[in-house]
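Structure file query_28.tsv with TSV, C-alpha atoms:
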chain	number	residue	atom	x	y	z
A	1	SER	CA	8.40	-11.98	8.25
A	2	GLN	CA	8.48	-11.63	4.49
A	3	GLU	CA	10.86	-9.26	2.74
A	4	LEU	CA	10.42	-7.91	-0.77
A	5	GLU	CA	13.28	-6.54	-2.80
A	6	GLN	CA	12.50	-4.37	-5.80
A	7	SER	CA	14.88	-3.57	-8.61
A	8	PRO	CA	15.85	-1.22	-9.95
A	9	GLN	CA	15.30	1.49	-7.33
A	10	SER	CA	14.96	4.09	-10.05
A	11	LEU	CA	14.60	4.03	-13.79
A	12	ILE	CA	14.79	6.78	-16.39
A	13	VAL	CA	13.63	5.84	-19.88
A	14	GLN	CA	12.88	7.62	-23.10
A	15	GLU	CA	9.25	7.70	-24.14
A	16	GLY	CA	8.41	4.70	-26.29
A	17	LYS	CA	10.92	2.37	-24.66
A	18	ASN	CA	10.03	-0.87	-22.90
A	19	LEU	CA	11.00	-1.49	-19.30
A	20	THR	CA	10.82	-4.15	-16.60
A	21	ILE	CA	10.64	-3.87	-12.81
A	22	ASN	CA	11.35	-6.88	-10.64
A	23	CYS	CA	10.12	-7.89	-7.22
A	24	THR	CA	11.82	-10.76	-5.38
A	25	SER	CA	10.50	-12.28	-2.19
A	26	SER	CA	12.29	-14.05	0.65
A	27	LYS	CA	9.33	-16.43	0.92
A	28	THR	CA	6.73	-18.04	-1.32
A	29	LEU	CA	4.25	-15.50	-2.60
A	30	TYR	CA	0.59	-16.33	-2.09
A	31	GLY	CA	-0.78	-13.01	-3.25
A	32	LEU	CA	1.29	-10.38	-5.03
A	33	TYR	CA	-0.01	-6.90	-5.78
A	34	TRP	CA	1.34	-4.18	-7.99
A	35	TYR	CA	0.46	-0.57	-7.25
A	36	LYS	CA	1.40	2.77	-8.75
A	37	GLN	CA	1.78	5.91	-6.67
A	38	LYS	CA	2.15	9.52	-7.62
A	39	TYR	CA	4.28	11.35	-5.06
A	40	GLY	CA	2.36	12.04	-1.86
A	41	GLU	CA	-0.82	10.42	-3.08
A	42	GLY	CA	-2.62	7.14	-2.56
A	43	LEU	CA	-1.83	3.82	-4.18
A	44	ILE	CA	-3.51	2.97	-7.47
A	45	PHE	CA	-4.19	-0.74	-7.90
A	46	LEU	CA	-2.68	-2.23	-11.04
A	47	MET	CA	-2.82	-6.00	-10.75
A	48	MET	CA	-3.07	-8.92	-8.35
A	49	LEU	CA	-1.38	-12.27	-9.02
A	50	GLN	CA	-1.99	-15.41	-7.03
A	51	LYS	CA	-1.03	-18.46	-9.03
A	52	GLY	CA	2.43	-19.56	-10.08
A	53	GLY	CA	2.93	-18.82	-13.76
A	54	GLU	CA	0.05	-16.35	-13.79
A	55	GLU	CA	0.29	-13.42	-16.17
A	56	LYS	CA	-2.06	-10.46	-16.37
A	57	SER	CA	-2.16	-7.48	-18.69
A	58	HIS	CA	-3.89	-4.15	-18.62
A	59	GLU	CA	-3.35	-1.72	-21.44
A	60	LYS	CA	0.43	-1.60	-21.88
A	61	ILE	CA	1.32	-3.13	-18.51
A	62	THR	CA	1.93	-6.86	-18.00
A	63	ALA	CA	2.70	-8.54	-14.69
A	64	LYS	CA	3.89	-12.09	-14.16
A	65	LEU	CA	4.36	-14.34	-11.14
A	66	ASP	CA	7.00	-16.98	-11.70
A	67	GLU	CA	6.30	-20.70	-11.31
A	68	LYS	CA	8.11	-20.95	-8.00
A	69	LYS	CA	6.12	-17.96	-6.73
A	70	GLN	CA	9.06	-16.06	-5.33
A	71	GLN	CA	9.47	-13.43	-8.01
A	72	SER	CA	7.23	-11.14	-9.98
A	73	SER	CA	7.95	-8.78	-12.83
A	74	LEU	CA	6.10	-5.78	-14.19
A	75	HIS	CA	6.69	-4.93	-17.83
A	76	ILE	CA	5.63	-1.71	-19.54
A	77	THR	CA	5.56	-1.65	-23.31
A	78	ALA	CA	6.07	1.58	-25.26
A	79	SER	CA	6.28	3.76	-22.15
A	80	GLN	CA	4.52	7.13	-21.99
A	81	PRO	CA	4.95	10.11	-19.65
A	82	SER	CA	1.69	9.04	-17.97
A	83	HIS	CA	3.47	5.89	-16.77
A	84	ALA	CA	5.79	7.96	-14.58
A	85	GLY	CA	5.49	7.41	-10.84
A	86	ILE	CA	6.50	5.02	-8.10
A	87	TYR	CA	5.75	1.35	-8.64
A	88	LEU	CA	5.29	-0.78	-5.55
A	89	CYS	CA	4.93	-4.51	-5.14
A	90	GLY	CA	3.12	-5.83	-2.09
A	91	ALA	CA	2.87	-9.35	-0.71
A	92	ASP	CA	-0.19	-10.59	1.10
A	93	GLU	CA	0.84	-12.11	4.42
A	94	ALA	CA	-1.83	-14.08	6.20
A	95	SER	CA	-1.58	-15.56	9.66
A	96	GLY	CA	-4.84	-17.30	10.40
A	97	SER	CA	-7.52	-14.76	9.60
A	98	ALA	CA	-5.21	-11.77	10.10
A	99	ARG	CA	-3.87	-10.18	6.94
A	100	GLN	CA	-1.38	-7.51	6.03
A	101	LEU	CA	0.58	-6.33	3.05
A	102	THR	CA	4.35	-6.17	3.09
A	103	PHE	CA	5.74	-3.77	0.50
A	104	GLY	CA	8.94	-3.46	-1.45
A	105	SER	CA	10.81	-0.18	-1.32
A	106	GLY	CA	9.44	0.95	-4.67
A	107	THR	CA	10.79	1.80	-8.12
A	108	GLN	CA	10.77	5.43	-9.19
A	109	LEU	CA	10.03	5.59	-12.93
A	110	THR	CA	10.72	8.71	-14.98
A	111	VAL	CA	9.69	8.78	-18.63
A	112	LEU	CA	11.35	11.48	-20.72
A	113	PRO	CA	9.27	12.92	-23.57
B	1	LYS	CA	-19.09	2.91	-6.45
B	2	ALA	CA	-17.34	5.25	-4.06
B	3	GLY	CA	-13.74	4.49	-3.20
B	4	VAL	CA	-11.94	4.61	0.13
B	5	THR	CA	-12.29	8.04	1.72
B	6	GLN	CA	-9.71	9.40	4.12
B	7	THR	CA	-10.10	12.62	6.06
B	8	PRO	CA	-8.52	15.03	6.51
B	9	ARG	CA	-6.10	15.16	3.57
B	10	TYR	CA	-3.59	17.31	5.40
B	11	LEU	CA	-2.85	17.96	9.06
B	12	ILE	CA	-0.26	20.01	10.89
B	13	LYS	CA	0.17	19.26	14.58
B	14	THR	CA	2.59	20.25	17.31
B	15	ARG	CA	4.77	17.79	19.19
B	16	GLY	CA	2.97	16.34	22.18
B	17	GLN	CA	-0.49	16.76	20.71
B	18	GLN	CA	-2.71	13.91	19.62
B	19	VAL	CA	-4.42	13.36	16.29
B	20	THR	CA	-7.29	11.28	14.92
B	21	LEU	CA	-7.50	10.20	11.29
B	22	SER	CA	-10.61	8.78	9.66
B	23	CYS	CA	-11.16	6.17	6.96
B	24	SER	CA	-14.43	5.18	5.29
B	25	PRO	CA	-14.05	1.91	3.36
B	26	ILE	CA	-15.77	0.85	0.19
B	27	SER	CA	-19.36	-0.13	0.90
B	28	GLY	CA	-19.50	-3.79	1.84
B	29	HIS	CA	-15.82	-4.06	2.75
B	30	ARG	CA	-15.40	-5.16	6.34
B	31	SER	CA	-11.61	-5.18	6.57
B	32	VAL	CA	-9.74	-1.92	7.05
B	33	SER	CA	-5.99	-1.71	7.42
B	34	TRP	CA	-3.68	1.23	8.06
B	35	TYR	CA	-0.17	1.91	6.77
B	36	GLN	CA	2.44	4.54	7.45
B	37	GLN	CA	4.66	5.74	4.62
B	38	THR	CA	7.88	7.65	5.22
B	39	PRO	CA	10.87	8.31	2.95
B	40	GLY	CA	13.17	6.38	5.25
B	41	GLN	CA	11.07	3.32	6.14
B	42	GLY	CA	8.76	3.07	3.15
B	43	LEU	CA	5.31	1.60	3.63
B	44	GLN	CA	4.80	-0.10	6.98
B	45	PHE	CA	1.76	-1.93	8.29
B	46	LEU	CA	0.11	-0.43	11.37
B	47	PHE	CA	-2.98	-2.53	12.06
B	48	GLU	CA	-5.96	-4.30	10.53
B	49	TYR	CA	-9.56	-4.30	11.70
B	50	PHE	CA	-12.36	-6.63	10.73
B	51	SER	CA	-15.89	-6.40	12.11
B	52	GLU	CA	-14.82	-4.00	14.86
B	53	THR	CA	-11.99	-6.30	16.04
B	54	GLN	CA	-8.29	-5.69	15.65
B	55	ARG	CA	-6.98	-8.80	13.93
B	56	ASN	CA	-3.40	-7.81	13.37
B	57	LYS	CA	-0.96	-5.19	14.59
B	58	GLY	CA	2.38	-4.05	13.24
B	59	ASN	CA	5.48	-3.13	15.15
B	60	PHE	CA	4.53	0.36	16.32
B	61	PRO	CA	4.47	1.82	19.83
B	62	GLY	CA	1.30	1.92	21.89
B	63	ARG	CA	0.85	5.60	21.03
B	64	PHE	CA	-0.67	4.35	17.80
B	65	SER	CA	-4.14	2.95	18.24
B	66	GLY	CA	-7.23	2.45	16.18
B	67	ARG	CA	-10.79	1.30	16.19
B	68	GLN	CA	-13.51	0.28	13.82
B	69	PHE	CA	-17.18	1.08	14.06
B	70	SER	CA	-20.18	-1.07	13.24
B	71	ASN	CA	-20.49	0.60	9.82
B	72	SER	CA	-16.85	-0.46	9.11
B	73	ARG	CA	-15.53	3.10	9.24
B	74	SER	CA	-12.22	3.21	11.05
B	75	GLU	CA	-10.21	5.76	12.95
B	76	MET	CA	-6.61	5.75	13.99
B	77	ASN	CA	-5.25	7.83	16.80
B	78	VAL	CA	-1.71	8.89	17.54
B	79	SER	CA	-1.06	10.34	20.97
B	80	THR	CA	1.90	12.38	22.20
B	81	LEU	CA	3.03	13.17	18.68
B	82	GLU	CA	6.73	13.09	17.84
B	83	LEU	CA	8.50	14.68	14.88
B	84	GLY	CA	9.13	11.19	13.50
B	85	ASP	CA	5.39	10.60	13.20
B	86	SER	CA	5.33	12.95	10.22
B	87	ALA	CA	4.25	10.72	7.37
B	88	LEU	CA	1.60	9.84	4.84
B	89	TYR	CA	-0.98	7.61	6.51
B	90	LEU	CA	-2.82	5.33	4.13
B	91	CYS	CA	-5.89	3.28	4.75
B	92	ALA	CA	-6.95	0.28	2.66
B	93	SER	CA	-10.19	-1.63	2.58
B	94	SER	CA	-10.59	-5.21	1.49
B	95	SER	CA	-13.45	-7.57	0.83
B	96	THR	CA	-13.63	-11.25	1.65
B	97	VAL	CA	-14.64	-11.98	-1.92
B	98	ASN	CA	-11.60	-11.16	-4.01
B	99	TYR	CA	-9.20	-10.15	-1.21
B	100	GLY	CA	-7.92	-7.16	-3.17
B	101	TYR	CA	-6.84	-4.06	-1.29
B	102	THR	CA	-8.11	-0.62	-2.33
B	103	PHE	CA	-6.27	2.35	-0.89
B	104	GLY	CA	-7.47	5.82	-0.05
B	105	SER	CA	-5.66	9.03	-1.01
B	106	GLY	CA	-4.01	9.24	2.39
B	107	THR	CA	-3.66	11.80	5.15
B	108	ARG	CA	-0.43	13.80	5.17
B	109	LEU	CA	0.51	14.46	8.80
B	110	THR	CA	3.19	16.99	9.60
B	111	VAL	CA	4.40	17.29	13.18
B	112	VAL	CA	6.23	20.52	14.02
Please express what this file holds, its structure, as structure tokens.
Amino acid sequence: SQELEQSPQSLIVQEGKNLTINCTSSKTLYGLYWYKQKYGEGLIFLMMLQKGGEEKSHEKITAKLDEKKQQSSLHITASQPSHAGIYLCGADEASGSARQLTFGSGTQLTVLP
Amino acid sequence: KAGVTQTPRYLIKTRGQQVTLSCSPISGHRSVSWYQQTPGQGLQFLFEYFSETQRNKGNFPGRFSGRQFSNSRSEMNVSTLELGDSALYLCASSSTVNYGYTFGSGTRLTVV
């Protein structure tokens, strides 16, 4: 089965700083999702990437899937306290018609005002 | 449109009891999947249902079961609860159009 490794595990940044979170897969990624979670709550969808070299942006968050489709990065520009939370990458694993998401262990982001 | 609705939000049960959690997917979504989140194991896949059929199952004991109804609403059941079943249970619905997963707010189960 697929394994996803996220780095760093935790990140503390000053408000206004840029940051990057990485997600590396043991297998080729065919669908990579980024979610944000506040502690104890549900997952908020950020972005979905499917093609090698794809890059998507929403507000100050940009996600990329590398050409070889085994690594993705999430970049936040000019971080704000509202960006704080747990960031999770998830890989879409399909076997025939059956589907499931395999998740990384998450990156805990703290943004200091 | 309405999102994924999970009920109840919080549950406290005693060891040995059983529990049923409910998930109502986004209208039109026929795939519903369930995940367990714990501090030690992270997010783990439980099972996926599509059109009332279980298409995929994760590595969990038989005490964990689920079903899906004709209106795509899904329930998961855990029998003979153990302390280790304490977790946040998340449900996600997905369409066959864009394949994205939308998650509910989760049910926090505490087993005492």
Residues of chain B within 6 Å of chain A, counting only C-alpha atoms - could you list those as a compact mmCIF listing (two decimals) with C-alpha atoms, keeping the file's coordinate frame?
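Output file result37.txt follows:
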# COMPACT_ATOMS: atom_id res chain seq x y z
CA GLY B 42 8.76 3.07 3.15
CA ARG B 55 -6.98 -8.80 13.93
CA ASN B 56 -3.40 -7.81 13.37
CA PHE B 103 -6.27 2.35 -0.89
CA GLY B 104 -7.47 5.82 -0.05
CA SER B 105 -5.66 9.03 -1.01
CA GLY B 106 -4.01 9.24 2.39
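With only C-alpha atoms as the atoms that count, the residue of B:Arg73, B:Glu82, B:Val111, B:Val4 with the shortest distance to Ile26 (chain B) is B:Val4.
Separating CA of Cys23 (chain A) from CA of Val111 (chain A) is a distance of 20.2 Å.
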Q.
For a test of reading the model, state the distance in Å between CA of Ser10 (chain A) and CA of Asp85 (chain B), rounded to one decimal.
A.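 These atoms are spaced 26.0 Å apart.
Between CA of Phe69 (chain B) and CA of Glu52 (chain B) lies a distance of 5.7 Å.
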Inset, instruction - Just the residues within 7 Å of Ser72 (chain B), please, counting all atoms listed in the file, with nothing from its chain fewer than 4 positions along; format it as a list in words. - result: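 Surrounding residues, per the criterion: Pro25, Arg30, Ser51 and Gln68 of chain B.
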For C-alpha atoms, I'd like the residues from the last selection saved as a short mmCIF file (atom, residue, chain, number, x, y, z; two decimals), in the frame of the given file.
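Final output, saved to part-v3.cif:
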data_model
loop_
_atom_site.label_atom_id
_atom_site.label_comp_id
_atom_site.auth_asym_id
_atom_site.auth_seq_id
_atom_site.Cartn_x
_atom_site.Cartn_y
_atom_site.Cartn_z
CA PRO B 25 -14.05 1.91 3.36
CA ARG B 30 -15.40 -5.16 6.34
CA SER B 51 -15.89 -6.40 12.11
CA GLN B 68 -13.51 0.28 13.82
#
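Each of A:Ser1, A:Thr77, A:Thr20, A:Gln108 was compared to Gly58 (chain B) using all atoms listed in the file, and A:Ser1 turns out to be the nearest.
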Given all atoms listed in the file as the counted atoms, nearest of A:Leu74, A:Leu109, A:Leu29, A:Leu46 to Ile86 (chain A):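 Of A:Leu74, A:Leu109, A:Leu29, A:Leu46, the one nearest Ile86 (chain A), counting all atoms listed in the file, is A:Leu109.
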Nearest to Arg9 (chain B): which of B:Ser31, B:Cys91, B:Val78, B:Asn98 is it, counting all atoms listed in the file?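 Between B:Ser31, B:Cys91, B:Val78, B:Asn98, the residue approaching Arg9 (chain B) most closely is B:Cys91.
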Taking all atoms of region 28-47 of chain A that appear in the file, build a box with edges along x, y and z, extend it by 5 Å on every side, and state its centre and edge lengths in Å to one decimal, as JSON.
{"center_x": 1.3, "center_y": -3.0, "center_z": -6.2, "size_x": 20.9, "size_y": 40.1, "size_z": 19.7}
What lies within 8 Å of Gln17 (chain B) using only C-alpha atoms, ignoring chain neighbours under 6 positions off, as a ChimeraX atom specification?
/B:79-81
Excluding Ile76 (chain A) and any residue of its chain fewer than 3 positions from it, enumerate the residues within 9 Å of it, using all atoms listed in the file, and give them as an MDAnalysis selection string. chainID A and resid 17:21 60:63 79 83
Write out as a PDB file with C-alpha atoms, in the frame of the given file which residues come within 8 Å of Pro8 (chain A) when counting all atoms listed in the file, dropping same-chain ones fewer than 3 positions away.
ATOM      1  CA  LEU A  11      14.600   4.030 -13.790  1.00  0.00           C
ATOM      2  CA  ILE A  21      10.640  -3.870 -12.810  1.00  0.00           C
ATOM      3  CA  ASN A  22      11.350  -6.880 -10.640  1.00  0.00           C
ATOM      4  CA  THR A 107      10.790   1.800  -8.120  1.00  0.00           C
TER       5      THR A 107
END
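When the distance limit is 6 Å and all atoms listed in the file are what count, the residues near Leu88 (chain B), minus those fewer than 5 positions from it on the same chain, are Gln36, Gln37, Thr107 and Arg108 of chain B.
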Emit region 91-103 of chain B of the structure in the block as a file comprising all heavy atoms, as a PDB file, in the first residue's frame.
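Saved file out.pdb follows:
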ATOM      1  N   CYS B  91     -16.429  11.029   8.101  1.00  0.00           N
ATOM      2  CA  CYS B  91     -17.073  10.486   6.928  1.00  0.00           C
ATOM      3  C   CYS B  91     -16.795  11.440   5.771  1.00  0.00           C
ATOM      4  O   CYS B  91     -16.716  12.662   5.967  1.00  0.00           O
ATOM      5  CB  CYS B  91     -18.559  10.357   7.230  1.00  0.00           C
ATOM      6  SG  CYS B  91     -19.679  10.527   5.864  1.00  0.00           S
ATOM      7  N   ALA B  92     -16.626  10.898   4.580  1.00  0.00           N
ATOM      8  CA  ALA B  92     -16.378  11.719   3.397  1.00  0.00           C
ATOM      9  C   ALA B  92     -17.284  11.254   2.277  1.00  0.00           C
ATOM     10  O   ALA B  92     -17.516  10.056   2.107  1.00  0.00           O
ATOM     11  CB  ALA B  92     -14.922  11.604   2.961  1.00  0.00           C
ATOM     12  N   SER B  93     -17.808  12.192   1.521  1.00  0.00           N
ATOM     13  CA  SER B  93     -18.584  11.811   0.349  1.00  0.00           C
ATOM     14  C   SER B  93     -17.861  12.270  -0.909  1.00  0.00           C
ATOM     15  O   SER B  93     -17.082  13.239  -0.883  1.00  0.00           O
ATOM     16  CB  SER B  93     -20.017  12.355   0.410  1.00  0.00           C
ATOM     17  OG  SER B  93     -20.098  13.728   0.071  1.00  0.00           O
ATOM     18  N   SER B  94     -18.096  11.545  -1.971  1.00  0.00           N
ATOM     19  CA  SER B  94     -17.392  11.813  -3.214  1.00  0.00           C
ATOM     20  C   SER B  94     -18.327  11.604  -4.388  1.00  0.00           C
ATOM     21  O   SER B  94     -19.199  10.732  -4.361  1.00  0.00           O
ATOM     22  CB  SER B  94     -16.190  10.863  -3.316  1.00  0.00           C
ATOM     23  OG  SER B  94     -15.518  11.012  -4.537  1.00  0.00           O
ATOM     24  N   SER B  95     -18.129  12.413  -5.419  1.00  0.00           N
ATOM     25  CA  SER B  95     -18.933  12.242  -6.627  1.00  0.00           C
ATOM     26  C   SER B  95     -18.104  11.527  -7.680  1.00  0.00           C
ATOM     27  O   SER B  95     -16.882  11.451  -7.584  1.00  0.00           O
ATOM     28  CB  SER B  95     -19.390  13.605  -7.155  1.00  0.00           C
ATOM     29  OG  SER B  95     -18.342  14.215  -7.867  1.00  0.00           O
ATOM     30  N   THR B  96     -18.753  11.036  -8.691  1.00  0.00           N
ATOM     31  CA  THR B  96     -18.045  10.385  -9.793  1.00  0.00           C
ATOM     32  C   THR B  96     -17.696  11.384 -10.888  1.00  0.00           C
ATOM     33  O   THR B  96     -17.179  11.015 -11.928  1.00  0.00           O
ATOM     34  CB  THR B  96     -18.898   9.252 -10.390  1.00  0.00           C
ATOM     35  OG1 THR B  96     -20.181   9.785 -10.737  1.00  0.00           O
ATOM     36  CG2 THR B  96     -19.073   8.126  -9.400  1.00  0.00           C
ATOM     37  N   VAL B  97     -17.964  12.657 -10.610  1.00  0.00           N
ATOM     38  CA  VAL B  97     -17.677  13.696 -11.599  1.00  0.00           C
ATOM     39  C   VAL B  97     -16.271  14.242 -11.428  1.00  0.00           C
ATOM     40  O   VAL B  97     -15.450  14.182 -12.335  1.00  0.00           O
ATOM     41  CB  VAL B  97     -18.716  14.833 -11.520  1.00  0.00           C
ATOM     42  CG1 VAL B  97     -18.355  15.944 -12.484  1.00  0.00           C
ATOM     43  CG2 VAL B  97     -20.111  14.298 -11.794  1.00  0.00           C
ATOM     44  N   ASN B  98     -15.991  14.777 -10.239  1.00  0.00           N
ATOM     45  CA  ASN B  98     -14.650  15.340 -10.050  1.00  0.00           C
ATOM     46  C   ASN B  98     -13.808  14.550  -9.058  1.00  0.00           C
ATOM     47  O   ASN B  98     -12.671  14.891  -8.810  1.00  0.00           O
ATOM     48  CB  ASN B  98     -14.726  16.803  -9.610  1.00  0.00           C
ATOM     49  CG  ASN B  98     -15.381  16.965  -8.239  1.00  0.00           C
ATOM     50  OD1 ASN B  98     -15.516  16.021  -7.477  1.00  0.00           O
ATOM     51  ND2 ASN B  98     -15.788  18.182  -7.931  1.00  0.00           N
ATOM     52  N   TYR B  99     -14.371  13.505  -8.483  1.00  0.00           N
ATOM     53  CA  TYR B  99     -13.658  12.590  -7.588  1.00  0.00           C
ATOM     54  C   TYR B  99     -13.115  13.231  -6.319  1.00  0.00           C
ATOM     55  O   TYR B  99     -12.373  12.608  -5.597  1.00  0.00           O
ATOM     56  CB  TYR B  99     -12.518  11.878  -8.336  1.00  0.00           C
ATOM     57  CG  TYR B  99     -13.028  10.986  -9.434  1.00  0.00           C
ATOM     58  CD1 TYR B  99     -13.008  11.409 -10.754  1.00  0.00           C
ATOM     59  CD2 TYR B  99     -13.546   9.736  -9.133  1.00  0.00           C
ATOM     60  CE1 TYR B  99     -13.500  10.598 -11.751  1.00  0.00           C
ATOM     61  CE2 TYR B  99     -14.041   8.922 -10.129  1.00  0.00           C
ATOM     62  CZ  TYR B  99     -14.007   9.349 -11.442  1.00  0.00           C
ATOM     63  OH  TYR B  99     -14.490   8.550 -12.434  1.00  0.00           O
ATOM     64  N   GLY B 100     -13.457  14.480  -6.057  1.00  0.00           N
ATOM     65  CA  GLY B 100     -12.996  15.097  -4.819  1.00  0.00           C
ATOM     66  C   GLY B 100     -13.715  14.525  -3.618  1.00  0.00           C
ATOM     67  O   GLY B 100     -14.834  14.040  -3.714  1.00  0.00           O
ATOM     68  N   TYR B 101     -13.052  14.573  -2.467  1.00  0.00           N
ATOM     69  CA  TYR B 101     -13.645  14.083  -1.224  1.00  0.00           C
ATOM     70  C   TYR B 101     -14.005  15.273  -0.345  1.00  0.00           C
ATOM     71  O   TYR B 101     -13.163  16.113  -0.063  1.00  0.00           O
ATOM     72  CB  TYR B 101     -12.648  13.217  -0.454  1.00  0.00           C
ATOM     73  CG  TYR B 101     -12.259  11.922  -1.108  1.00  0.00           C
ATOM     74  CD1 TYR B 101     -11.241  11.893  -2.055  1.00  0.00           C
ATOM     75  CD2 TYR B 101     -12.870  10.726  -0.763  1.00  0.00           C
ATOM     76  CE1 TYR B 101     -10.857  10.704  -2.647  1.00  0.00           C
ATOM     77  CE2 TYR B 101     -12.489   9.526  -1.343  1.00  0.00           C
ATOM     78  CZ  TYR B 101     -11.482   9.523  -2.284  1.00  0.00           C
ATOM     79  OH  TYR B 101     -11.100   8.346  -2.857  1.00  0.00           O
ATOM     80  N   THR B 102     -15.252  15.305   0.132  1.00  0.00           N
ATOM     81  CA  THR B 102     -15.679  16.326   1.082  1.00  0.00           C
ATOM     82  C   THR B 102     -15.966  15.648   2.406  1.00  0.00           C
ATOM     83  O   THR B 102     -16.736  14.688   2.461  1.00  0.00           O
ATOM     84  CB  THR B 102     -16.947  17.049   0.586  1.00  0.00           C
ATOM     85  OG1 THR B 102     -16.694  17.615  -0.695  1.00  0.00           O
ATOM     86  CG2 THR B 102     -17.340  18.164   1.554  1.00  0.00           C
ATOM     87  N   PHE B 103     -15.343  16.172   3.455  1.00  0.00           N
ATOM     88  CA  PHE B 103     -15.477  15.551   4.773  1.00  0.00           C
ATOM     89  C   PHE B 103     -16.514  16.256   5.634  1.00  0.00           C
ATOM     90  O   PHE B 103     -16.737  17.469   5.514  1.00  0.00           O
ATOM     91  CB  PHE B 103     -14.134  15.580   5.504  1.00  0.00           C
ATOM     92  CG  PHE B 103     -13.177  14.526   5.044  1.00  0.00           C
ATOM     93  CD1 PHE B 103     -12.444  14.698   3.873  1.00  0.00           C
ATOM     94  CD2 PHE B 103     -13.014  13.350   5.761  1.00  0.00           C
ATOM     95  CE1 PHE B 103     -11.565  13.722   3.430  1.00  0.00           C
ATOM     96  CE2 PHE B 103     -12.138  12.365   5.336  1.00  0.00           C
ATOM     97  CZ  PHE B 103     -11.417  12.550   4.166  1.00  0.00           C
TER      98      PHE B 103
END
